[in-house]
$ cat model_9.csv   # CSV, C-alpha atoms and all ligand atoms
chain,number,residue,atom,x,y,z
A,1,VAL,CA,-15.4,4.1,14.2
A,2,THR,CA,-14.7,0.5,15.3
A,3,PRO,CA,-11.4,-0.6,16.8
A,4,ALA,CA,-10.1,-1.8,13.5
A,5,GLY,CA,-10.4,1.7,12.1
A,6,ARG,CA,-13.4,1.0,10.0
A,7,GLU,CA,-16.8,2.8,10.1
A,8,ARG,CA,-20.1,1.0,10.1
A,9,ILE,CA,-22.8,3.1,8.3
A,10,PRO,CA,-26.4,1.7,8.2
A,11,VAL,CA,-28.3,2.7,5.1
A,12,GLY,CA,-32.1,2.4,4.6
A,13,ARG,CA,-34.9,1.0,6.8
A,14,ASP,CA,-35.8,-2.4,8.2
A,15,GLY,CA,-36.4,-5.0,5.5
A,16,GLU,CA,-34.7,-2.8,2.9
A,17,SER,CA,-31.4,-1.9,4.4
A,18,SER,CA,-27.6,-2.2,3.9
A,19,VAL,CA,-24.6,-2.0,6.1
A,20,VAL,CA,-21.7,0.0,4.6
A,21,TRP,CA,-18.2,-0.7,5.9
A,22,LEU,CA,-15.8,2.1,5.1
A,23,GLY,CA,-12.1,2.2,5.8
A,24,THR,CA,-8.6,1.3,4.6
A,25,GLY,CA,-8.2,-2.4,5.1
A,26,VAL,CA,-11.9,-3.3,5.1
A,27,LEU,CA,-11.1,-5.8,2.3
A,28,GLU,CA,-8.8,-7.7,4.7
A,29,SER,CA,-12.0,-8.6,6.7
A,30,THR,CA,-14.1,-9.7,3.7
A,31,GLU,CA,-14.9,-13.1,5.2
A,32,GLU,CA,-16.4,-11.6,8.3
A,33,LEU,CA,-18.3,-8.7,6.5
A,34,LEU,CA,-19.9,-10.2,3.4
A,35,VAL,CA,-23.4,-11.5,3.9
A,36,SER,CA,-25.0,-14.7,2.6
A,37,PRO,CA,-27.8,-16.6,4.3
A,38,SER,CA,-26.5,-19.9,3.1
A,39,GLY,CA,-22.8,-19.1,3.4
A,40,ARG,CA,-22.4,-19.6,-0.3
A,41,PHE,CA,-21.4,-16.8,-2.8
A,42,LEU,CA,-21.3,-16.1,-6.5
A,43,LEU,CA,-18.6,-13.6,-7.6
A,44,PHE,CA,-19.0,-11.2,-10.5
A,45,ALA,CA,-16.0,-8.8,-10.9
A,46,THR,CA,-14.6,-6.2,-13.1
A,47,PRO,CA,-11.2,-7.1,-14.6
A,48,ALA,CA,-10.0,-3.6,-13.8
A,49,ALA,CA,-9.5,-4.1,-10.0
A,50,PRO,CA,-7.9,-7.6,-9.7
A,51,ALA,CA,-6.6,-6.9,-6.1
A,52,ALA,CA,-10.1,-6.3,-4.8
A,53,ALA,CA,-11.5,-9.4,-6.5
A,54,ASP,CA,-8.6,-11.5,-5.2
A,55,SER,CA,-9.2,-10.5,-1.6
A,56,VAL,CA,-12.8,-11.8,-2.1
A,57,ARG,CA,-11.5,-15.0,-3.7
A,58,ARG,CA,-8.9,-15.6,-0.9
A,59,ALA,CA,-11.5,-15.0,1.9
A,60,LEU,CA,-14.3,-17.1,0.5
A,61,GLY,CA,-12.3,-20.1,-0.9
A,62,LYS,CA,-14.5,-23.1,-1.4
A,63,ARG,CA,-17.7,-21.1,-0.4
A,64,LEU,CA,-17.4,-19.5,-3.8
A,65,LEU,CA,-19.9,-21.3,-6.1
A,66,LEU,CA,-19.0,-19.2,-9.2
A,67,ASP,CA,-16.3,-16.8,-10.2
A,68,ARG,CA,-16.9,-14.7,-13.3
A,69,THR,CA,-15.6,-11.4,-14.8
A,70,VAL,CA,-18.1,-8.8,-16.1
A,71,ASP,CA,-17.6,-6.4,-19.1
A,72,ASP,CA,-17.9,-3.1,-17.4
A,73,ARG,CA,-18.1,-0.7,-20.3
A,74,GLU,CA,-21.2,1.5,-20.0
A,75,SER,CA,-22.4,0.1,-23.4
A,76,ALA,CA,-22.5,-3.4,-21.8
A,77,LYS,CA,-24.9,-2.3,-19.0
A,78,THR,CA,-27.8,-4.0,-20.7
A,79,LEU,CA,-30.8,-6.2,-20.0
A,80,ASP,CA,-28.9,-9.0,-21.9
A,81,ALA,CA,-25.9,-8.6,-19.6
A,82,ALA,CA,-28.1,-8.9,-16.5
A,83,GLY,CA,-29.8,-11.9,-18.1
A,84,ALA,CA,-26.5,-13.5,-18.8
A,85,ILE,CA,-25.4,-13.1,-15.2
A,86,ALA,CA,-28.6,-14.6,-14.0
A,87,ALA,CA,-28.3,-17.5,-16.4
A,88,GLU,CA,-24.7,-18.2,-15.3
A,89,ALA,CA,-25.9,-18.2,-11.7
A,90,LEU,CA,-28.8,-20.6,-12.5
A,91,ALA,CA,-26.4,-22.9,-14.4
A,92,ALA,CA,-24.2,-23.0,-11.3
A,93,GLY,CA,-27.1,-24.1,-9.2
A,94,VAL,CA,-27.8,-20.9,-7.3
A,95,ARG,CA,-30.5,-21.2,-4.5
A,96,ARG,CA,-32.7,-18.6,-2.9
A,97,ASP,CA,-30.5,-18.3,0.1
A,98,ASP,CA,-27.2,-17.8,-1.8
A,99,ALA,CA,-25.7,-14.3,-2.4
A,100,LEU,CA,-24.0,-12.5,-5.2
A,101,VAL,CA,-20.9,-10.4,-4.8
A,102,ALA,CA,-20.3,-7.5,-7.3
A,103,VAL,CA,-16.8,-6.1,-7.4
A,104,GLY,CA,-16.4,-3.0,-9.6
A,105,GLY,CA,-17.5,0.5,-10.4
A,106,GLY,CA,-21.1,1.7,-10.8
A,107,VAL,CA,-21.6,-0.2,-14.0
A,108,VAL,CA,-20.9,-3.6,-12.3
A,109,THR,CA,-22.8,-2.9,-9.1
A,110,ASP,CA,-25.8,-1.6,-11.1
A,111,VAL,CA,-26.0,-4.6,-13.5
A,112,VAL,CA,-25.1,-7.3,-10.9
A,113,GLY,CA,-27.5,-5.8,-8.4
A,114,PHE,CA,-30.2,-5.9,-10.9
A,115,ALA,CA,-29.5,-9.5,-11.8
A,116,ALA,CA,-29.8,-10.3,-8.0
A,117,ALA,CA,-33.1,-8.5,-7.9
A,118,ILE,CA,-34.7,-10.6,-10.7
A,119,LEU,CA,-32.9,-13.9,-10.0
A,120,LEU,CA,-35.4,-16.2,-8.3
A,121,ARG,CA,-37.4,-13.0,-7.5
A,122,GLY,CA,-34.6,-11.6,-5.5
A,123,VAL,CA,-31.4,-13.1,-3.9
A,124,ALA,CA,-29.1,-11.2,-1.5
A,125,TRP,CA,-26.1,-9.4,-2.9
A,126,ASN,CA,-23.0,-7.6,-1.7
A,127,ALA,CA,-21.3,-4.6,-3.3
A,128,VAL,CA,-17.5,-4.0,-3.3
A,129,PRO,CA,-17.2,-0.7,-5.1
A,130,THR,CA,-13.8,0.0,-6.7
A,131,THR,CA,-14.4,3.6,-8.0
A,132,THR,CA,-14.7,6.9,-6.1
A,133,ALA,CA,-18.2,7.4,-7.6
A,134,GLY,CA,-19.1,3.8,-6.7
A,135,MET,CA,-18.2,4.3,-3.0
A,136,ALA,CA,-19.8,7.7,-2.7
A,137,ASP,CA,-22.9,7.0,-4.7
A,138,ALA,CA,-23.6,4.1,-7.0
A,139,ALA,CA,-23.3,1.3,-4.5
A,140,ILE,CA,-25.3,3.2,-1.9
A,141,GLY,CA,-29.1,3.4,-1.6
A,142,GLY,CA,-30.4,0.3,-3.4
A,143,LYS,CA,-31.0,1.5,-7.0
A,144,THR,CA,-30.0,-1.1,-9.5
A,145,GLY,CA,-30.6,-1.2,-13.2
A,146,VAL,CA,-29.5,-1.3,-16.8
A,147,ASN,CA,-29.6,1.0,-19.8
A,148,HIS,CA,-32.1,0.8,-22.7
A,149,PRO,CA,-31.6,2.2,-26.3
A,150,LEU,CA,-34.2,4.9,-25.3
A,151,GLY,CA,-32.2,6.1,-22.3
A,152,LYS,CA,-29.9,5.4,-19.4
A,153,ASN,CA,-31.1,3.5,-16.4
A,154,LEU,CA,-34.6,3.1,-17.7
A,155,LEU,CA,-34.9,-0.5,-16.5
A,156,GLY,CA,-34.2,-1.3,-12.9
A,157,ALA,CA,-35.3,-2.2,-9.4
A,158,PHE,CA,-34.9,-1.1,-5.8
A,159,HIS,CA,-32.8,-3.9,-4.3
A,160,PRO,CA,-30.2,-2.8,-1.7
A,161,PRO,CA,-27.1,-4.8,-1.2
A,162,ALA,CA,-26.9,-6.5,2.2
A,163,ALA,CA,-23.3,-5.3,2.7
A,164,VAL,CA,-21.1,-2.7,1.0
A,165,LEU,CA,-17.4,-2.9,1.5
A,166,ALA,CA,-15.7,0.4,0.6
A,167,ASP,CA,-11.9,0.3,1.0
A,168,PRO,CA,-10.4,3.6,-0.4
A,169,SER,CA,-7.0,1.9,-0.9
A,170,VAL,CA,-8.6,0.2,-3.9
A,171,LEU,CA,-8.8,3.6,-5.6
A,172,ALA,CA,-5.0,3.7,-6.0
A,173,THR,CA,-5.2,2.3,-9.6
A,174,LEU,CA,-8.2,4.3,-10.8
A,175,PRO,CA,-7.5,6.6,-13.7
A,176,ASP,CA,-7.2,10.3,-12.6
A,177,ARG,CA,-10.1,11.4,-14.7
A,178,ASP,CA,-12.5,8.8,-13.2
A,179,HIS,CA,-11.3,9.7,-9.7
A,180,ARG,CA,-11.9,13.4,-10.2
A,181,ALA,CA,-15.3,12.8,-11.7
A,182,GLY,CA,-16.1,10.7,-8.6
A,183,LEU,CA,-15.0,13.5,-6.3
A,184,VAL,CA,-17.6,15.7,-7.9
A,185,GLU,CA,-20.4,13.3,-6.8
A,186,ALA,CA,-18.9,13.1,-3.3
A,187,LEU,CA,-18.8,16.8,-2.9
A,188,LYS,CA,-22.3,17.2,-4.3
A,189,ALA,CA,-23.6,15.1,-1.4
A,190,VAL,CA,-21.9,17.2,1.3
A,191,TRP,CA,-22.9,20.5,-0.5
A,192,ILE,CA,-26.5,19.5,-0.1
A,193,GLY,CA,-26.3,17.8,3.3
A,194,ASN,CA,-23.3,18.7,5.5
A,195,ALA,CA,-22.0,22.3,5.5
A,196,ASP,CA,-19.1,21.5,8.0
A,197,LEU,CA,-17.7,18.6,6.0
A,198,ALA,CA,-18.2,20.6,2.8
A,199,ALA,CA,-16.0,23.4,4.1
A,200,ARG,CA,-13.3,20.9,5.2
A,201,ALA,CA,-13.4,19.0,1.9
A,202,GLU,CA,-13.1,22.3,-0.1
A,203,ARG,CA,-9.9,23.0,1.7
A,204,GLU,CA,-8.6,19.5,1.1
A,205,ILE,CA,-9.0,19.2,-2.6
A,206,PRO,CA,-5.2,18.7,-3.2
A,207,ALA,CA,-5.2,15.9,-0.7
A,208,LEU,CA,-8.4,14.4,-2.1
A,209,ARG,CA,-6.9,14.5,-5.6
A,210,ARG,CA,-3.8,12.7,-4.5
A,211,ARG,CA,-6.0,10.1,-2.8
A,212,ASP,CA,-4.8,10.8,0.7
A,213,ALA,CA,-6.4,8.0,2.8
A,214,GLU,CA,-7.7,10.2,5.7
A,215,ALA,CA,-9.1,12.9,3.5
A,216,LEU,CA,-10.9,10.4,1.3
A,217,ARG,CA,-12.3,8.5,4.3
A,218,GLU,CA,-13.7,11.7,5.7
A,219,LEU,CA,-15.4,12.9,2.5
A,220,LEU,CA,-16.7,9.4,1.5
A,221,GLY,CA,-18.0,8.9,5.0
A,222,GLY,CA,-19.8,12.2,4.9
A,223,ALA,CA,-21.2,11.6,1.4
A,224,ILE,CA,-22.5,8.1,2.4
A,225,ARG,CA,-24.1,9.5,5.5
A,226,VAL,CA,-25.9,12.3,3.6
A,227,LYS,CA,-27.2,9.8,1.1
A,228,ALA,CA,-28.2,7.3,3.8
A,229,ALA,CA,-30.2,10.0,5.7
A,230,ILE,CA,-32.1,11.0,2.5
A,231,VAL,CA,-32.7,7.4,1.4
A,232,ALA,CA,-34.1,6.5,4.9
A,233,ASP,CA,-36.6,9.3,4.5
A,234,ASP,CA,-37.6,8.4,0.9
A,235,PRO,CA,-36.4,5.0,-0.1
A,236,ARG,CA,-38.4,4.8,-3.3
A,237,ASP,CA,-37.6,8.2,-4.8
A,238,ALA,CA,-41.0,9.8,-4.3
A,239,SER,CA,-39.8,13.2,-2.8
A,240,ARG,CA,-36.7,14.1,-0.8
A,241,ARG,CA,-34.5,11.7,-2.7
A,242,GLN,CA,-34.6,14.3,-5.6
A,243,LEU,CA,-32.2,16.4,-3.6
A,244,LEU,CA,-29.4,14.0,-4.6
A,245,ASN,CA,-30.0,15.2,-8.2
A,246,PHE,CA,-28.4,18.6,-7.4
A,247,GLY,CA,-26.4,19.4,-10.6
A,248,HIS,CA,-28.1,16.6,-12.6
A,249,THR,CA,-30.9,18.4,-14.4
A,250,LEU,CA,-28.5,20.1,-16.8
A,251,GLY,CA,-25.8,17.5,-16.1
A,252,HIS,CA,-27.9,14.7,-17.7
A,253,ALA,CA,-28.7,16.9,-20.7
A,254,LEU,CA,-25.0,17.7,-21.2
A,255,GLU,CA,-24.1,14.1,-20.9
A,256,ALA,CA,-26.7,13.0,-23.5
A,257,ALA,CA,-25.9,15.9,-25.8
A,258,GLY,CA,-22.3,14.7,-25.9
A,259,GLY,CA,-23.5,11.2,-26.9
A,260,PHE,CA,-22.3,9.9,-23.4
A,261,ALA,CA,-18.8,10.0,-24.8
A,262,ALA,CA,-17.6,13.6,-24.5
A,263,LEU,CA,-18.1,13.9,-20.7
A,264,ARG,CA,-17.9,11.5,-17.8
A,265,HIS,CA,-21.1,11.5,-15.7
A,266,GLY,CA,-19.3,13.3,-12.8
A,267,GLU,CA,-17.9,15.9,-15.3
A,268,ALA,CA,-21.3,16.7,-16.6
A,269,VAL,CA,-22.5,17.0,-13.0
A,270,ALA,CA,-19.7,19.5,-12.3
A,271,TRP,CA,-21.0,21.7,-15.1
A,272,GLY,CA,-24.6,21.1,-13.9
A,273,ILE,CA,-23.7,22.2,-10.4
A,274,ALA,CA,-22.0,25.4,-11.9
A,275,ALA,CA,-25.3,26.2,-13.6
A,276,ALA,CA,-27.4,25.3,-10.5
A,277,VAL,CA,-25.2,27.7,-8.5
A,278,GLU,CA,-26.0,30.6,-10.9
A,279,ILE,CA,-29.7,29.9,-10.7
A,280,SER,CA,-29.4,29.5,-6.9
A,281,ARG,CA,-27.9,33.0,-6.6
A,282,ARG,CA,-31.0,34.5,-8.3
A,283,ARG,CA,-33.8,32.3,-7.1
A,284,ALA,CA,-32.8,30.8,-3.7
A,285,GLY,CA,-30.6,33.5,-2.1
A,286,LEU,CA,-27.3,31.6,-2.3
A,287,SER,CA,-24.6,34.1,-1.2
A,288,ALA,CA,-21.9,35.3,-3.5
A,289,ASP,CA,-19.3,33.9,-1.0
A,290,GLU,CA,-20.7,30.4,-1.0
A,291,ALA,CA,-21.3,30.4,-4.7
A,292,GLY,CA,-17.7,31.3,-5.2
A,293,ARG,CA,-16.5,28.6,-2.8
A,294,ILE,CA,-18.4,25.9,-4.8
A,295,LEU,CA,-17.1,27.1,-8.2
A,296,ALA,CA,-13.5,27.4,-6.8
A,297,ALA,CA,-13.7,23.8,-5.5
A,298,LEU,CA,-15.0,22.5,-8.8
A,299,SER,CA,-12.3,24.4,-10.7
A,300,ALA,CA,-9.7,22.8,-8.4
A,301,ILE,CA,-11.0,19.3,-9.2
A,302,GLY,CA,-11.0,20.1,-12.9
A,303,PRO,CA,-10.3,20.9,-15.6
A,304,PHE,CA,-13.3,19.3,-17.2
A,305,PRO,CA,-13.8,19.0,-21.0
A,306,PRO,CA,-15.9,21.9,-22.3
A,307,PRO,CA,-19.6,21.2,-22.3
A,308,GLU,CA,-22.2,21.7,-25.1
A,309,ARG,CA,-23.7,25.2,-24.7
A,310,ASP,CA,-25.8,25.5,-27.9
A,311,PRO,CA,-29.4,25.9,-26.7
A,312,GLY,CA,-30.7,24.3,-29.8
A,313,ARG,CA,-28.8,21.1,-29.1
A,314,LEU,CA,-29.4,21.0,-25.4
A,315,ARG,CA,-33.1,21.8,-25.4
A,316,PRO,CA,-34.4,18.4,-26.5
A,317,PHE,CA,-32.4,16.6,-23.8
A,318,LEU,CA,-33.6,18.9,-21.1
A,319,ALA,CA,-37.2,18.1,-22.1
A,320,MET,CA,-36.8,14.3,-21.6
A,321,ASP,CA,-35.3,14.0,-18.2
A,322,LYS,CA,-36.2,10.6,-16.7
A,323,LYS,CA,-37.1,12.1,-13.4
A,324,ALA,CA,-39.8,14.2,-15.2
A,325,THR,CA,-43.3,13.6,-14.1
A,326,ALA,CA,-46.6,15.2,-15.2
A,327,ARG,CA,-45.6,18.2,-13.0
A,328,GLY,CA,-42.3,18.6,-14.9
A,329,THR,CA,-38.8,18.4,-13.6
A,330,ALA,CA,-38.2,20.2,-10.3
A,331,ALA,CA,-34.9,22.1,-10.0
A,332,ILE,CA,-32.6,21.4,-7.0
A,333,LEU,CA,-31.2,24.7,-5.8
A,334,LEU,CA,-29.1,25.8,-2.7
A,335,ALA,CA,-30.3,28.5,-0.3
A,336,ALA,CA,-27.0,28.0,1.4
A,337,ILE,CA,-24.4,25.2,1.5
A,338,GLY,CA,-26.2,22.4,3.4
A,339,SER,CA,-29.6,23.9,2.7
A,340,PRO,CA,-31.1,22.6,-0.5
A,341,ARG,CA,-34.4,23.7,-2.0
A,342,ILE,CA,-36.7,22.0,-4.5
A,343,ASP,CA,-38.0,24.7,-6.9
A,344,PRO,CA,-40.6,23.5,-9.4
A,345,ALA,CA,-40.7,26.8,-11.3
A,346,VAL,CA,-37.3,26.8,-13.0
A,347,THR,CA,-37.9,26.6,-16.7
A,348,ALA,CA,-35.8,24.8,-19.4
A,349,GLU,CA,-34.9,28.3,-20.8
A,350,GLU,CA,-33.4,29.3,-17.4
A,351,TRP,CA,-31.1,26.2,-17.5
A,352,LEU,CA,-30.2,27.0,-21.1
A,353,ASP,CA,-29.3,30.6,-20.1
A,354,ALA,CA,-27.2,29.4,-17.2
A,355,ALA,CA,-25.5,26.8,-19.5
A,356,ALA,CA,-24.5,29.6,-21.9
A,357,ILE,CA,-22.7,31.6,-19.2
A,358,MET,CA,-21.5,29.1,-16.6
A,359,SER,CA,-17.7,29.0,-16.1
A,360,LEU,CA,-15.2,27.0,-14.2
A,361,SER,CA,-11.6,28.4,-14.6
A,401,LIG,N1,-27.3,3.0,-8.7
A,401,LIG,C1,-27.0,4.3,-8.4
A,401,LIG,O1,-27.6,4.9,-7.5
A,401,LIG,C2,-26.0,5.0,-9.2
A,401,LIG,C3,-25.5,6.2,-8.8
A,401,LIG,C4,-24.6,6.8,-9.6
A,401,LIG,C5,-24.1,6.2,-10.8
A,401,LIG,N2,-24.6,5.0,-11.1
A,401,LIG,C6,-24.1,4.3,-12.3
A,401,LIG,O2,-22.7,4.0,-12.2
A,401,LIG,C7,-22.1,4.0,-13.5
A,401,LIG,C8,-20.8,4.8,-13.4
A,401,LIG,O3,-20.0,4.2,-12.4
A,401,LIG,P1,-18.5,4.6,-12.1
A,401,LIG,O4,-18.4,6.1,-12.2
A,401,LIG,O5,-18.1,3.9,-10.9
A,401,LIG,O6,-17.7,4.1,-13.4
A,401,LIG,P2,-17.5,2.7,-14.1
A,401,LIG,O7,-18.1,1.5,-13.4
A,401,LIG,O8,-17.8,3.0,-15.5
A,401,LIG,O9,-15.9,2.6,-14.0
A,401,LIG,C9,-15.0,3.6,-14.5
A,401,LIG,C10,-13.8,3.0,-15.1
A,401,LIG,O10,-12.9,2.6,-14.1
A,401,LIG,C11,-12.4,1.2,-14.2
A,401,LIG,N3,-12.2,0.8,-12.9
A,401,LIG,C12,-13.0,0.4,-11.9
A,401,LIG,N4,-12.4,0.2,-10.8
A,401,LIG,C13,-11.1,0.4,-11.0
A,401,LIG,C14,-9.9,0.4,-10.2
A,401,LIG,N5,-10.0,0.1,-8.9
A,401,LIG,N6,-8.7,0.6,-10.8
A,401,LIG,C15,-8.6,0.9,-12.1
A,401,LIG,N7,-9.7,1.0,-12.9
A,401,LIG,C16,-10.9,0.8,-12.4
A,401,LIG,C17,-13.6,0.6,-15.0
A,401,LIG,O11,-13.1,-0.5,-15.7
A,401,LIG,C18,-14.0,1.7,-15.9
A,401,LIG,O12,-13.2,1.8,-17.1
A,401,LIG,C19,-23.1,4.5,-14.4
A,401,LIG,O13,-23.6,3.5,-15.2
A,401,LIG,C20,-24.2,5.2,-13.6
A,401,LIG,O14,-25.5,5.1,-14.2
A,401,LIG,C21,-25.5,4.4,-10.4
A,402,ZN,ZN,-24.8,11.3,-10.4
$ encode --input "model_9.csv" --output "structure tokens" --more "lines below"
Ligand SMILES: NC(=O)c1ccc[n+]([C@@H]2O[C@H](COP(=O)([O-])OP(=O)(O)OC[C@H]3O[C@@H](n4cnc5c(N)ncnc54)[C@H](O)[C@@H]3O)[C@@H](O)[C@H]2O)c1
Ligand SMILES: [Zn+2]
Amino acid sequence: VTPAGRERIPVGRDGESSVVWLGTGVLESTEELLVSPSGRFLLFATPAAPAAADSVRRALGKRLLLDRTVDDRESAKTLDAAGAIAAEALAAGVRRDDALVAVGGGVVTDVVGFAAAILLRGVAWNAVPTTTAGMADAAIGGKTGVNHPLGKNLLGAFHPPAAVLADPSVLATLPDRDHRAGLVEALKAVWIGNADLAARAEREIPALRRRDAEALRELLGGAIRVKAAIVADDPRDASRRQLLNFGHTLGHALEAAGGFAALRHGEAVAWGIAAAVEISRRRAGLSADEAGRILAALSAIGPFPPPERDPGRLRPFLAMDKKATARGTAAILLAAIGSPRIDPAVTAEEWLDAAAIMSLS
């Protein structure tokens, strides 16, 4: 923690690395923290977080070559949208040593980051996440991309932002449902990677729900560090990075079976974790006590809309997980909180059985 009360968290390895700045008031130091080799910036911002975009505008003044808003509906996270962003940057005279700034949730950082990856074969970019999920997950680790009619996030690139500015005070205006879905992703990270912080966060769910600054900073910092450590080991998603998919095997299927409308991503992941906890009890030795703690914490973040449980409807979506390789989709289980296991032997039928009985009260 620096004197100003902000944390500096490095993510990734040399040549492919980001610096995350986390803390209330980080956006008051935008001018000092945003990175551009030329000193010039192009801003692409969600209309939903005007205060965050305004602090970037105020700090950069005349160094801002372009100032655009971005449609941040999930349905607008397309190759066309990335192309339009790149085209606007070219029309504005962008050069190789300029940098983009993306202000918004995961939709904006994914699509603007991808535009930065393809623009002139890669220009620098900065992320200013404005959602809980964005700060804990989407803006961290260098994955950028867009959706395709055949599936979510099927087109993309590894292109880490140079700097990530995460200021939890920006979350004050986020709708409750989005905030709670984001908390699920943040807890997911500490459940796989930091048992001490997980225990603390579980006790602080009421404070996290009401967006208490200190509770949020602690959990977000922990989640970012867990992701940073895993990404440093496996930047290109060849092995250990799979651990971050705890709760996502069934979660993705639930999300898809609901037409991406019934459940927020984080809500689907909450149900997916509930199922993974059941399977972890049987196959990985997770204790009844720790399983109960995880389910109680998820219930306290909820309620979440009821998931699809019909095996006939879920089965096709379990079979086409994007992470599937010739070897199939490995399950991420917990032997204990903080001790994840990759189990290649879990079948689709076991997920369907767990989906039929999982419960969050
Ligand atoms: N690249 C990655 O590693 C990664 C990881 C996880 C998720 N993602 C992607 O992130 C996307 C989801 O991102 P998200 O959960 O941040 O949601 P989001 O970007 O869809 O934003 C959620 C909603 O909050 C609004 N909003 C954003 N900031 C706000 C604020 N400060 N105040 C009020 N409203 C605000 C948005 O307009 C939107 O309606 C998905 O497309 C997912 O694929 C990417
Ligand atoms: Zn996720």
$ residues_near_ligand --input "model_9.csv" --ligand "ligand ZN 402 (chain A)" --cutoff "10 Å" --atoms "only C-alpha atoms and all ligand atoms" --output "list in words"
Ala133, Ala136, Asp137, Ala138, Ala181, Gly182, Val184, Glu185, Ala186, Lys188, Ala189, Leu244, Asn245, Phe246, Gly247, His248, Gly251, His252, His265, Gly266, Glu267, Ala268, Val269 and Ala270 of chain A
$ residues_around --input "model_9.csv" --residues "Val101 in chain A" --least-positions-apart "5" --cutoff "9 Å" --atoms "only C-alpha atoms" --output "PyMOL selection string"
chain A and resi 34+41-45+56+109+112-113+124-128
$ residues_around --input "model_9.csv" --residues "Pro160 in chain A" --least-positions-apart "2" --cutoff "10 Å" --atoms "only C-alpha atoms" --output "mmCIF file with C-alpha atoms, in the frame of the given file"
data_model
loop_
_atom_site.group_PDB
_atom_site.id
_atom_site.type_symbol
_atom_site.label_atom_id
_atom_site.label_comp_id
_atom_site.auth_asym_id
_atom_site.auth_seq_id
_atom_site.Cartn_x
_atom_site.Cartn_y
_atom_site.Cartn_z
ATOM 1 C CA VAL A 11 -28.300 2.700 5.100
ATOM 2 C CA GLY A 12 -32.100 2.400 4.600
ATOM 3 C CA GLY A 15 -36.400 -5.000 5.500
ATOM 4 C CA GLU A 16 -34.700 -2.800 2.900
ATOM 5 C CA SER A 17 -31.400 -1.900 4.400
ATOM 6 C CA SER A 18 -27.600 -2.200 3.900
ATOM 7 C CA VAL A 19 -24.600 -2.000 6.100
ATOM 8 C CA GLY A 113 -27.500 -5.800 -8.400
ATOM 9 C CA PHE A 114 -30.200 -5.900 -10.900
ATOM 10 C CA ALA A 116 -29.800 -10.300 -8.000
ATOM 11 C CA ALA A 117 -33.100 -8.500 -7.900
ATOM 12 C CA ALA A 124 -29.100 -11.200 -1.500
ATOM 13 C CA TRP A 125 -26.100 -9.400 -2.900
ATOM 14 C CA ASN A 126 -23.000 -7.600 -1.700
ATOM 15 C CA ALA A 127 -21.300 -4.600 -3.300
ATOM 16 C CA ALA A 139 -23.300 1.300 -4.500
ATOM 17 C CA ILE A 140 -25.300 3.200 -1.900
ATOM 18 C CA GLY A 141 -29.100 3.400 -1.600
ATOM 19 C CA GLY A 142 -30.400 0.300 -3.400
ATOM 20 C CA LYS A 143 -31.000 1.500 -7.000
ATOM 21 C CA THR A 144 -30.000 -1.100 -9.500
ATOM 22 C CA ALA A 157 -35.300 -2.200 -9.400
ATOM 23 C CA PHE A 158 -34.900 -1.100 -5.800
ATOM 24 C CA ALA A 162 -26.900 -6.500 2.200
ATOM 25 C CA ALA A 163 -23.300 -5.300 2.700
ATOM 26 C CA VAL A 164 -21.100 -2.700 1.000
#
$ closest_atom_pairs --input "model_9.csv" --of "chain A" --to "ligand LIG 401 (chain A)" --cutoff "6 Å" --atoms "all atoms listed in the file" --output "JSON lines"
{"residue": "A:Ala48", "atom": "CA", "partner": "A:LIG401", "partner_atom": "N7", "distance": 4.7}
{"residue": "A:Ala49", "atom": "CA", "partner": "A:LIG401", "partner_atom": "N5", "distance": 4.4}
{"residue": "A:Asp72", "atom": "CA", "partner": "A:LIG401", "partner_atom": "O11", "distance": 5.7}
{"residue": "A:Glu74", "atom": "CA", "partner": "A:LIG401", "partner_atom": "O13", "distance": 5.7}
{"residue": "A:Gly104", "atom": "CA", "partner": "A:LIG401", "partner_atom": "N4", "distance": 5.3}
{"residue": "A:Gly105", "atom": "CA", "partner": "A:LIG401", "partner_atom": "O7", "distance": 3.2}
{"residue": "A:Gly106", "atom": "CA", "partner": "A:LIG401", "partner_atom": "O2", "distance": 3.1}
{"residue": "A:Val107", "atom": "CA", "partner": "A:LIG401", "partner_atom": "O7", "distance": 3.9}
{"residue": "A:Val108", "atom": "CA", "partner": "A:LIG401", "partner_atom": "O7", "distance": 5.9}
{"residue": "A:Asp110", "atom": "CA", "partner": "A:LIG401", "partner_atom": "N1", "distance": 5.4}
{"residue": "A:Thr130", "atom": "CA", "partner": "A:LIG401", "partner_atom": "N4", "distance": 4.3}
{"residue": "A:Thr131", "atom": "CA", "partner": "A:LIG401", "partner_atom": "O5", "distance": 4.7}
{"residue": "A:Ala133", "atom": "CA", "partner": "A:LIG401", "partner_atom": "O4", "distance": 4.8}
{"residue": "A:Gly134", "atom": "CA", "partner": "A:LIG401", "partner_atom": "O5", "distance": 4.3}
{"residue": "A:Asp137", "atom": "CA", "partner": "A:LIG401", "partner_atom": "C3", "distance": 4.9}
{"residue": "A:Ala138", "atom": "CA", "partner": "A:LIG401", "partner_atom": "C3", "distance": 3.4}
{"residue": "A:Lys143", "atom": "CA", "partner": "A:LIG401", "partner_atom": "N1", "distance": 4.3}
{"residue": "A:Thr144", "atom": "CA", "partner": "A:LIG401", "partner_atom": "N1", "distance": 5.0}
{"residue": "A:Val170", "atom": "CA", "partner": "A:LIG401", "partner_atom": "N5", "distance": 5.2}
{"residue": "A:Leu171", "atom": "CA", "partner": "A:LIG401", "partner_atom": "N5", "distance": 5.0}
{"residue": "A:Thr173", "atom": "CA", "partner": "A:LIG401", "partner_atom": "N6", "distance": 4.1}
{"residue": "A:Leu174", "atom": "CA", "partner": "A:LIG401", "partner_atom": "C15", "distance": 3.7}
{"residue": "A:Asp178", "atom": "CA", "partner": "A:LIG401", "partner_atom": "C9", "distance": 5.9}
